[in-house]
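Student: The file below is entry_39.pdb, PDB, C-alpha atoms:
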```
ATOM      1  CA  MET J   1     115.626 -32.854 -50.217
ATOM      2  CA  SER J   2     113.618 -32.809 -46.968
ATOM      3  CA  LEU J   3     111.548 -35.799 -48.128
ATOM      4  CA  THR J   4     114.749 -37.777 -48.732
ATOM      5  CA  TYR J   5     116.094 -36.819 -45.316
ATOM      6  CA  ALA J   6     112.801 -37.756 -43.668
ATOM      7  CA  ARG J   7     112.870 -41.180 -45.292
ATOM      8  CA  ARG J   8     116.428 -41.749 -44.105
ATOM      9  CA  VAL J   9     115.565 -40.712 -40.560
ATOM     10  CA  ILE J  10     112.517 -42.996 -40.504
ATOM     11  CA  MET J  11     114.573 -45.940 -41.748
ATOM     12  CA  LEU J  12     117.251 -45.161 -39.172
ATOM     13  CA  GLY J  13     114.613 -44.879 -36.452
ATOM     14  CA  ARG J  14     113.240 -48.347 -37.287
ATOM     15  CA  SER J  15     116.607 -49.844 -36.457
ATOM     16  CA  ALA J  16     117.609 -47.450 -33.701
ATOM     17  CA  TYR J  17     114.423 -47.743 -31.649
ATOM     18  CA  PRO J  18     114.681 -51.441 -30.640
ATOM     19  CA  VAL J  19     118.439 -51.121 -30.180
ATOM     20  CA  SER J  20     117.980 -48.068 -27.947
ATOM     21  CA  CYS J  21     115.333 -49.875 -25.870
ATOM     22  CA  LEU J  22     117.722 -52.763 -25.301
ATOM     23  CA  ALA J  23     120.578 -50.378 -24.489
ATOM     24  CA  VAL J  24     118.489 -48.405 -21.967
ATOM     25  CA  GLY J  25     117.280 -51.633 -20.347
ATOM     26  CA  ALA J  26     120.811 -52.959 -20.120
ATOM     27  CA  ALA J  27     122.101 -49.681 -18.664
ATOM     28  CA  ALA J  28     119.321 -49.613 -16.057
ATOM     29  CA  TRP J  29     120.033 -53.251 -15.115
ATOM     30  CA  PHE J  30     123.765 -52.562 -14.876
ATOM     31  CA  HIS J  31     123.152 -49.475 -12.720
ATOM     32  CA  GLY J  32     120.863 -51.461 -10.424
ATOM     33  CA  ARG J  33     123.500 -54.172  -9.978
ATOM     34  CA  THR J  34     126.572 -51.998  -9.575
ATOM     35  CA  GLY J  35     125.281 -48.524  -8.700
ATOM     36  CA  ASP J  36     127.536 -47.122 -11.394
ATOM     37  CA  GLY J  37     126.368 -43.610 -12.391
ATOM     38  CA  LEU J  38     128.094 -43.911 -15.765
ATOM     39  CA  ALA J  39     125.550 -46.500 -16.891
ATOM     40  CA  LEU J  40     122.681 -44.201 -15.910
ATOM     41  CA  ALA J  41     124.301 -41.306 -17.787
ATOM     42  CA  ALA J  42     124.652 -43.533 -20.845
ATOM     43  CA  ALA J  43     120.958 -44.429 -20.655
ATOM     44  CA  LEU J  44     119.992 -40.761 -20.439
ATOM     45  CA  ALA J  45     122.238 -39.977 -23.429
ATOM     46  CA  ILE J  46     120.525 -42.699 -25.455
ATOM     47  CA  VAL J  47     117.092 -41.327 -24.534
ATOM     48  CA  CYS J  48     118.134 -37.789 -25.529
ATOM     49  CA  GLY J  49     119.551 -39.098 -28.801
ATOM     50  CA  MET J  50     116.288 -40.828 -29.636
ATOM     51  CA  TRP J  51     114.349 -37.658 -28.803
ATOM     52  CA  LEU J  52     116.564 -35.598 -31.116
ATOM     53  CA  LEU J  53     116.136 -38.214 -33.840
ATOM     54  CA  LEU J  54     112.341 -38.099 -33.539
ATOM     55  CA  PHE J  55     112.330 -34.286 -33.409
ATOM     56  CA  ALA J  56     114.439 -34.072 -36.570
ATOM     57  CA  SER J  57     112.235 -36.568 -38.386
ATOM     58  CA  SER J  58     109.106 -34.607 -37.406
ATOM     59  CA  HIS J  59     110.688 -31.372 -38.688
ATOM     60  CA  TRP J  60     111.748 -32.905 -41.994
ATOM     61  CA  LEU J  61     108.383 -34.581 -42.468
ATOM     62  CA  GLY J  62     106.717 -31.182 -42.007
ATOM     63  CA  GLN J  63     108.966 -29.728 -44.700
ATOM     64  CA  ALA J  64     108.239 -32.678 -46.986
ATOM     65  CA  GLU J  65     104.488 -32.194 -46.540
ATOM     66  CA  ALA J  66     104.806 -28.481 -47.381
ATOM     67  CA  GLU J  67     106.805 -29.359 -50.523
ATOM     68  CA  ARG J  68     104.174 -31.917 -51.515
ATOM     69  CA  ASP J  69     101.360 -29.375 -51.148
ATOM     70  CA  GLU J  70     103.298 -26.814 -53.191
ATOM     71  CA  MET J  71     103.960 -29.353 -55.950
ATOM     72  CA  GLY J  72     100.274 -30.286 -55.941
ATOM     73  CA  GLU J  73      99.274 -26.655 -56.471
ATOM     74  CA  GLN J  74     101.799 -26.313 -59.305
ATOM     75  CA  LEU J  75     100.401 -29.487 -60.883
ATOM     76  CA  ILE J  76      96.835 -28.141 -60.756
ATOM     77  CA  GLN J  77      97.925 -24.826 -62.278
ATOM     78  CA  SER J  78      99.882 -26.534 -65.082
ATOM     79  CA  GLN J  79      96.857 -28.708 -65.911
ATOM     80  CA  ARG J  80      94.693 -25.572 -66.157
ATOM     81  CA  VAL J  81      97.086 -24.103 -68.705
ATOM     82  CA  LEU J  82      97.193 -27.381 -70.661
ATOM     83  CA  ALA J  83      93.398 -27.590 -70.756
ATOM     84  CA  LEU J  84      93.132 -24.026 -72.043
ATOM     85  CA  GLY J  85      95.832 -24.730 -74.613
ATOM     86  CA  GLU J  86      93.848 -27.653 -76.016
ATOM     87  CA  LEU J  87      90.855 -25.336 -76.452
ATOM     88  CA  SER J  88      92.833 -22.406 -77.849
ATOM     89  CA  THR J  89      91.508 -22.781 -81.408
ATOM     90  CA  GLY J  90      87.885 -22.832 -80.325
ATOM     91  CA  ILE J  91      88.439 -19.930 -77.949
ATOM     92  CA  ALA J  92      90.074 -17.890 -80.715
ATOM     93  CA  HIS J  93      87.001 -18.425 -82.928
ATOM     94  CA  GLU J  94      84.700 -17.642 -80.010
ATOM     95  CA  ILE J  95      86.320 -14.229 -79.586
ATOM     96  CA  ASN J  96      87.035 -13.572 -83.281
ATOM     97  CA  ASN J  97      83.388 -13.862 -84.339
ATOM     98  CA  PRO J  98      82.158 -11.027 -82.072
ATOM     99  CA  LEU J  99      85.094  -8.889 -83.215
ATOM    100  CA  ASN J 100      84.111  -9.371 -86.866
ATOM    101  CA  ILE J 101      80.531  -8.371 -86.058
ATOM    102  CA  ILE J 102      81.773  -5.274 -84.207
ATOM    103  CA  LEU J 103      83.929  -4.345 -87.210
ATOM    104  CA  GLN J 104      80.999  -4.676 -89.630
ATOM    105  CA  GLU J 105      78.701  -2.603 -87.417
ATOM    106  CA  ALA J 106      81.381   0.075 -86.987
ATOM    107  CA  GLU J 107      81.790   0.334 -90.770
ATOM    108  CA  LEU J 108      78.012   0.622 -91.160
ATOM    109  CA  MET J 109      77.928   3.381 -88.537
ATOM    110  CA  ARG J 110      80.717   5.255 -90.309
ATOM    111  CA  TYR J 111      78.787   5.050 -93.582
ATOM    112  CA  ASP J 112      75.516   6.221 -91.970
ATOM    113  CA  LEU J 113      77.174   9.130 -90.162
ATOM    114  CA  ALA J 114      78.874  10.273 -93.366
ATOM    115  CA  LEU J 115      75.410  10.909 -94.855
ATOM    116  CA  ALA J 116      73.059  13.699 -93.957
ATOM    117  CA  PRO J 117      71.498  12.690 -90.618
ATOM    118  CA  THR J 118      67.950  11.437 -90.916
ATOM    119  CA  ALA J 119      65.648   9.616 -88.518
ATOM    120  CA  GLU J 120      66.239   6.382 -90.445
ATOM    121  CA  THR J 121      70.052   6.583 -90.402
ATOM    122  CA  MET J 122      70.083   7.499 -86.696
ATOM    123  CA  GLU J 123      67.913   4.482 -85.966
ATOM    124  CA  GLU J 124      70.423   2.311 -87.834
ATOM    125  CA  VAL J 125      73.249   3.831 -85.783
ATOM    126  CA  ARG J 126      71.424   3.103 -82.523
ATOM    127  CA  SER J 127      70.785  -0.457 -83.699
ATOM    128  CA  SER J 128      74.484  -0.887 -84.539
ATOM    129  CA  LEU J 129      75.456   0.435 -81.100
ATOM    130  CA  ASP J 130      73.173  -2.138 -79.464
ATOM    131  CA  VAL J 131      74.805  -4.917 -81.476
ATOM    132  CA  ILE J 132      78.296  -3.675 -80.600
ATOM    133  CA  TYR J 133      77.394  -3.475 -76.911
ATOM    134  CA  ALA J 134      76.069  -7.046 -76.948
ATOM    135  CA  GLN J 135      79.169  -8.407 -78.694
ATOM    136  CA  VAL J 136      81.569  -6.562 -76.374
ATOM    137  CA  SER J 137      79.678  -8.009 -73.408
ATOM    138  CA  ARG J 138      80.022 -11.448 -74.974
ATOM    139  CA  CYS J 139      83.802 -11.060 -75.368
ATOM    140  CA  SER J 140      84.098  -9.734 -71.828
ATOM    141  CA  ASP J 141      82.169 -12.709 -70.493
ATOM    142  CA  ILE J 142      84.457 -15.151 -72.334
ATOM    143  CA  THR J 143      87.657 -13.512 -71.091
ATOM    144  CA  HIS J 144      86.362 -13.371 -67.517
ATOM    145  CA  LYS J 145      85.619 -17.099 -67.621
ATOM    146  CA  LEU J 146      89.091 -17.840 -68.966
ATOM    147  CA  LEU J 147      90.816 -15.640 -66.388
ATOM    148  CA  ASP J 148      88.787 -17.171 -63.581
ATOM    149  CA  LEU J 149      89.714 -20.642 -64.783
ATOM    150  CA  ALA J 150      93.431 -19.915 -65.235
ATOM    151  CA  ARG J 151      93.914 -17.899 -62.045
ATOM    152  CA  ASN J 152      96.139 -19.543 -59.434
ATOM    153  CA  ARG J 153      94.339 -19.293 -56.120
ATOM    154  CA  LYS J 154      93.733 -21.113 -52.864
ATOM    155  CA  PRO J 155      90.478 -23.089 -52.471
ATOM    156  CA  VAL J 156      87.727 -20.847 -51.081
ATOM    157  CA  SER J 157      84.325 -22.139 -49.993
ATOM    158  CA  GLN J 158      81.508 -20.095 -51.502
ATOM    159  CA  PRO J 159      78.101 -20.654 -53.123
ATOM    160  CA  ALA J 160      78.304 -22.377 -56.513
ATOM    161  CA  ASP J 161      75.610 -23.089 -59.097
ATOM    162  CA  ILE J 162      76.581 -26.441 -60.646
ATOM    163  CA  ASN J 163      74.283 -25.976 -63.638
ATOM    164  CA  ARG J 164      75.767 -22.551 -64.365
ATOM    165  CA  LEU J 165      79.311 -23.920 -64.113
ATOM    166  CA  VAL J 166      78.438 -26.731 -66.528
ATOM    167  CA  GLU J 167      76.900 -24.264 -69.013
ATOM    168  CA  ASP J 168      79.993 -22.031 -68.812
ATOM    169  CA  MET J 169      82.322 -24.920 -69.649
ATOM    170  CA  LEU J 170      80.021 -26.209 -72.395
ATOM    171  CA  GLU J 171      80.263 -22.820 -74.077
ATOM    172  CA  LEU J 172      84.045 -23.214 -74.175
ATOM    173  CA  VAL J 173      83.999 -26.717 -75.697
ATOM    174  CA  GLU J 174      81.131 -26.263 -78.179
ATOM    175  CA  ARG J 175      83.508 -24.816 -80.774
ATOM    176  CA  GLU J 176      85.668 -27.910 -80.390
ATOM    177  CA  ALA J 177      82.726 -30.322 -80.619
ATOM    178  CA  GLY J 178      80.888 -28.674 -83.524
ATOM    179  CA  PRO J 179      83.348 -29.355 -86.372
ATOM    180  CA  ARG J 180      83.640 -32.969 -85.213
ATOM    181  CA  GLU J 181      79.845 -33.405 -85.324
ATOM    182  CA  ILE J 182      79.765 -34.248 -81.624
ATOM    183  CA  HIS J 183      76.403 -33.435 -80.065
ATOM    184  CA  LEU J 184      76.247 -32.152 -76.493
ATOM    185  CA  HIS J 185      73.056 -33.135 -74.676
ATOM    186  CA  ARG J 186      72.142 -31.271 -71.493
ATOM    187  CA  ARG J 187      70.031 -32.911 -68.822
ATOM    188  CA  LEU J 188      70.412 -30.445 -65.967
ATOM    189  CA  SER J 189      68.191 -30.792 -62.928
ATOM    190  CA  GLN J 190      66.333 -27.583 -62.126
ATOM    191  CA  ASP J 191      65.928 -28.751 -58.516
ATOM    192  CA  LEU J 192      69.672 -28.899 -57.863
ATOM    193  CA  PRO J 193      70.437 -26.554 -54.945
ATOM    194  CA  THR J 194      73.363 -24.180 -54.694
ATOM    195  CA  VAL J 195      76.385 -25.980 -53.224
ATOM    196  CA  ILE J 196      79.070 -24.599 -50.930
ATOM    197  CA  SER J 197      82.315 -25.375 -52.717
ATOM    198  CA  ASP J 198      84.990 -23.726 -54.893
ATOM    199  CA  PRO J 199      83.568 -22.691 -58.311
ATOM    200  CA  PRO J 200      86.877 -22.148 -60.204
ATOM    201  CA  LEU J 201      88.197 -25.557 -59.146
ATOM    202  CA  LEU J 202      84.903 -27.206 -60.118
ATOM    203  CA  ARG J 203      85.088 -25.478 -63.512
ATOM    204  CA  GLN J 204      88.521 -26.978 -64.078
ATOM    205  CA  VAL J 205      87.313 -30.497 -63.256
ATOM    206  CA  ILE J 206      84.256 -30.208 -65.520
ATOM    207  CA  LEU J 207      86.386 -28.789 -68.339
ATOM    208  CA  ASN J 208      88.932 -31.616 -68.010
ATOM    209  CA  LEU J 209      86.190 -34.265 -68.191
ATOM    210  CA  LEU J 210      84.501 -32.593 -71.168
ATOM    211  CA  ILE J 211      87.797 -32.391 -73.067
ATOM    212  CA  ASN J 212      88.468 -36.061 -72.341
ATOM    213  CA  ALA J 213      84.977 -36.992 -73.555
ATOM    214  CA  ILE J 214      85.393 -35.034 -76.804
ATOM    215  CA  GLN J 215      88.771 -36.639 -77.448
ATOM    216  CA  ALA J 216      87.359 -40.092 -76.684
ATOM    217  CA  VAL J 217      84.434 -39.678 -79.102
ATOM    218  CA  ASP J 218      86.718 -38.016 -81.664
ATOM    219  CA  LYS J 219      83.921 -37.410 -84.193
ATOM    220  CA  ASP J 220      80.281 -38.140 -84.980
ATOM    221  CA  GLY J 221      79.098 -39.062 -81.491
ATOM    222  CA  ASP J 222      77.245 -37.856 -78.430
ATOM    223  CA  ILE J 223      78.090 -36.553 -74.977
ATOM    224  CA  PHE J 224      75.413 -36.461 -72.281
ATOM    225  CA  ILE J 225      75.815 -34.060 -69.354
ATOM    226  CA  THR J 226      73.502 -34.733 -66.411
ATOM    227  CA  THR J 227      73.166 -33.099 -62.995
ATOM    228  CA  HIS J 228      71.021 -34.262 -60.091
ATOM    229  CA  ARG J 229      70.916 -34.586 -56.336
ATOM    230  CA  GLU J 230      71.012 -37.656 -54.121
ATOM    231  CA  GLY J 231      70.773 -37.013 -50.393
ATOM    232  CA  ASN J 232      73.340 -34.411 -49.384
ATOM    233  CA  MET J 233      75.459 -34.905 -52.513
ATOM    234  CA  ALA J 234      75.333 -33.097 -55.867
ATOM    235  CA  TYR J 235      76.068 -35.263 -58.932
ATOM    236  CA  THR J 236      77.508 -34.200 -62.287
ATOM    237  CA  GLU J 237      77.612 -37.023 -64.827
ATOM    238  CA  ILE J 238      79.448 -36.836 -68.161
ATOM    239  CA  ARG J 239      78.789 -39.814 -70.460
ATOM    240  CA  ASP J 240      80.254 -40.274 -73.934
ATOM    241  CA  THR J 241      79.692 -42.726 -76.788
ATOM    242  CA  GLY J 242      83.392 -43.302 -77.355
ATOM    243  CA  PRO J 243      85.257 -46.617 -77.456
ATOM    244  CA  GLY J 244      85.130 -47.087 -73.688
ATOM    245  CA  ILE J 245      87.878 -48.075 -71.261
ATOM    246  CA  SER J 246      89.210 -51.569 -70.664
ATOM    247  CA  GLU J 247      89.100 -52.974 -67.140
ATOM    248  CA  GLU J 248      92.894 -52.938 -66.924
ATOM    249  CA  ASN J 249      93.117 -49.252 -67.885
ATOM    250  CA  ARG J 250      90.150 -48.329 -65.692
ATOM    251  CA  LYS J 251      92.205 -49.261 -62.634
ATOM    252  CA  ARG J 252      95.010 -46.926 -63.720
ATOM    253  CA  ILE J 253      93.342 -43.915 -65.316
ATOM    254  CA  PHE J 254      93.675 -41.801 -62.173
ATOM    255  CA  ASN J 255      97.404 -42.511 -61.863
ATOM    256  CA  PRO J 256      99.544 -39.451 -62.672
ATOM    257  CA  PHE J 257     100.997 -39.471 -66.207
ATOM    258  CA  PHE J 258      98.995 -42.523 -67.287
ATOM    259  CA  THR J 259      97.465 -41.962 -70.720
ATOM    260  CA  THR J 260      96.272 -44.065 -73.628
ATOM    261  CA  LYS J 261      96.646 -41.176 -76.077
ATOM    262  CA  ALA J 262      99.349 -41.024 -78.717
ATOM    263  CA  PRO J 263     102.649 -39.371 -77.709
ATOM    264  CA  GLY J 264     102.348 -35.607 -77.703
ATOM    265  CA  GLN J 265      98.544 -35.638 -77.423
ATOM    266  CA  GLY J 266      98.170 -35.862 -73.661
ATOM    267  CA  THR J 267     100.106 -35.620 -70.399
ATOM    268  CA  GLY J 268      98.080 -38.074 -68.321
ATOM    269  CA  LEU J 269      97.537 -35.441 -65.619
ATOM    270  CA  GLY J 270      93.944 -34.364 -66.256
ATOM    271  CA  LEU J 271      92.158 -37.131 -64.339
ATOM    272  CA  SER J 272      94.679 -37.346 -61.502
ATOM    273  CA  VAL J 273      94.484 -33.579 -60.929
ATOM    274  CA  SER J 274      90.674 -33.652 -61.170
ATOM    275  CA  LEU J 275      90.461 -36.432 -58.578
ATOM    276  CA  ARG J 276      92.796 -34.533 -56.256
ATOM    277  CA  ILE J 277      90.655 -31.396 -56.547
ATOM    278  CA  ILE J 278      87.381 -33.218 -55.885
ATOM    279  CA  ASN J 279      88.874 -35.078 -52.922
ATOM    280  CA  GLU J 280      89.983 -31.750 -51.460
ATOM    281  CA  LEU J 281      86.411 -30.507 -51.866
ATOM    282  CA  GLY J 282      85.100 -33.509 -49.920
ATOM    283  CA  GLY J 283      83.832 -35.564 -52.864
ATOM    284  CA  ASP J 284      84.951 -38.240 -55.289
ATOM    285  CA  ILE J 285      84.886 -39.250 -58.957
ATOM    286  CA  GLN J 286      83.389 -42.550 -60.077
ATOM    287  CA  VAL J 287      83.941 -44.130 -63.484
ATOM    288  CA  ALA J 288      81.900 -46.776 -65.283
ATOM    289  CA  SER J 289      82.866 -48.119 -68.684
ATOM    290  CA  ALA J 290      83.163 -51.144 -70.899
ATOM    291  CA  PRO J 291      85.024 -51.534 -74.205
ATOM    292  CA  GLY J 292      82.839 -50.370 -77.075
ATOM    293  CA  LYS J 293      80.148 -48.903 -74.814
ATOM    294  CA  GLY J 294      81.530 -45.476 -73.945
ATOM    295  CA  ALA J 295      82.506 -44.154 -70.528
ATOM    296  CA  THR J 296      80.682 -42.352 -67.721
ATOM    297  CA  PHE J 297      82.446 -40.120 -65.208
ATOM    298  CA  THR J 298      80.384 -39.057 -62.200
ATOM    299  CA  VAL J 299      81.561 -36.228 -59.943
ATOM    300  CA  ARG J 300      80.045 -36.223 -56.453
ATOM    301  CA  ILE J 301      80.500 -33.282 -54.118
ATOM    302  CA  PRO J 302      78.753 -32.449 -50.839
ATOM    303  CA  ILE J 303      76.118 -29.749 -51.039
ATOM    304  CA  LYS J 304      77.544 -28.241 -47.865
ATOM    305  CA  ARG J 305      81.211 -28.729 -46.996
TER     306      ARG J 305
END
```
Will you turn the file into structure tokens for me?

Tutor:
Amino acid sequence: MSLTYARRVIMLGRSAYPVSCLAVGAAAWFHGRTGDGLALAAALAIVCGMWLLLFASSHWLGQAEAERDEMGEQLIQSQRVLALGELSTGIAHEINNPLNIILQEAELMRYDLALAPTAETMEEVRSSLDVIYAQVSRCSDITHKLLDLARNRKPVSQPADINRLVEDMLELVEREAGPREIHLHRRLSQDLPTVISDPPLLRQVILNLLINAIQAVDKDGDIFITTHREGNMAYTEIRDTGPGISEENRKRIFNPFFTTKAPGQGTGLGLSVSLRIINELGGDIQVASAPGKGATFTVRIPIKR
């Protein structure tokens, strides 16, 4: 509502401002000719009215800006949930496999402990405990990554390892890429310094771009993930061998709700939200593509904000 009011006040101000200037000038001229105090009072009333109009418009514009920021945060959070939903099958397998291993090791331990204890059986029990510990740690690591990605939080500047963030997100999408015979190729620069940014927000952007690349390739293709440094900027490049993007669509892909996917397969929010996040972090996203030659998305962020 405040945005609507602000627009109305601005439109009213466009018309009222020149009229008020003419009215004040006329009142001042009339007062100078006749000495009539009523004309001066009318001029002062017009000035006060314009001040109130500008004050109200400033107040409503402040409310509209706060509403816009709140809607932007809700949009980012909803896109996080959508991205995780698209990976739900792979994530379920990623957690289910360690649980199956834990179950098998627990059954083996129960069998060994039911026998008369010997040095050999106790060694098998210790080995099973090591396996269980490793698999529990693996599940814990997966859930922590998911919670960190889904958590709604304000941007916080802190040290971030771009290569580590890329590896974390690749672990989430590998289960999605494997059955489709999509090969993920890492070309991560070991000389890339730690950046001062917001790791959870960067994870979301990288995950969105990886999901888009997998969906673009669809099956039997390649995705190349490259990181490097140029000057004071850190680069993360995600290139796929999909069908590419036409020039017409390339101009619109960052528009909210624009999508070339079939109905029900995409919201058209992933790229617009990703661009908003990277812009807030002081960087940008560049895209290069041609029909039939795949697409390359390059995320640039400053090493120090």

Student: Could you state the separation of CA of Asn232 (chain J) and CA of Thr194 (chain J) in Å, given to one decimal place?

Tutor: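 Atom-to-atom, CA of Asn232 (chain J) and CA of Thr194 (chain J) are spaced 11.5 Å apart.
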
Student: Point out the residue among J:Ile238, J:Ala177, J:Met169, J:Ile95 with the least atom-to-atom distance to Val136 (chain J), counting only C-alpha atoms.

Tutor: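 Closest residue, counting only C-alpha atoms: J:Ile95.
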
Student: So what do you get for CA of Ile277 (chain J) versus CA of Leu201 (chain J), distance-wise?

Tutor: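 Separation of CA of Ile277 (chain J) and CA of Leu201 (chain J): 6.8 Å.
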
Student: Expressed in Å to a single decimal, how great is the separation between CA of Ile162 (chain J) and CA of Asp191 (chain J)?

Tutor: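 Answer for the CA of Ile162 (chain J) to CA of Asp191 (chain J) separation: 11.1 Å.
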
Student: Under the PyMOL selection byres ((chain J and resi 219) around 12), which residues of this model are included? Write them out as an NGL selection string.

Tutor: :J and (176-183 or 213-218 or 220-223 or 240-243)

Student: Calculated over all atoms listed in the file, which of the candidates J:Leu207, J:Ile196, J:Ala106, J:Ile253 has the smallest distance to Met233 (chain J)?

Tutor: J:Ile196

Student: Tell me which residues the PyMOL selection byres ((chain J and resi 225) around 8) grabs here, as a PyMOL selection string.

Tutor: chain J and resi 184-188+223-224+226-227+236-239

Student: From the list J:Ser127, J:Gln190, J:Asn249, J:Thr260, which residue is nearest Asp112 (chain J) when using only C-alpha atoms?

Tutor: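 With only C-alpha atoms as the atom set, the closest residue is J:Ser127.
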
Student: Taking the file as shown, what set of residues would the PyMOL selection byres ((chain J and resi 271) around 9) give back, as a PyMOL selection string?

Tutor: chain J and resi 205+208-209+212+253-256+268-270+272-276

Student: Within 6 Å of (84.9, -29.9, -73.0), all atoms listed in the file: residues as a list in words?

Tutor: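 Residues with an atom at most 6 Å from (84.9, -29.9, -73.0): Val173, Leu207, Leu210 and Ile211 of chain J.
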
Student: Restricting the calculation to all atoms listed in the file: of J:Leu129, J:Ala290, J:Val299, J:Ala116, which residue gets closest to Leu202 (chain J)?

Tutor: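 Selected residue with least distance to Leu202 (chain J): J:Val299.
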
Student: Any idea what's packed within 10 Å of Pro159 (chain J), counting all atoms listed in the file, ignoring anything in its chain fewer than 3 positions away? Could you give it as a list of chain:residue names?

Tutor: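 Within the cut-off, the hits are J:Val156, J:Ile162, J:Pro193, J:Thr194, J:Val195, J:Ile196, J:Ser197, J:Asp198, J:Pro199, J:Ile303, J:Lys304.
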
Student: When distances are computed from only C-alpha atoms, which of J:Ile285, J:Ala295, J:Ala114, J:Ile301 shows the smallest separation from Gly231 (chain J)?

Tutor: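 With only C-alpha atoms as the atom set, the closest residue is J:Ile301.
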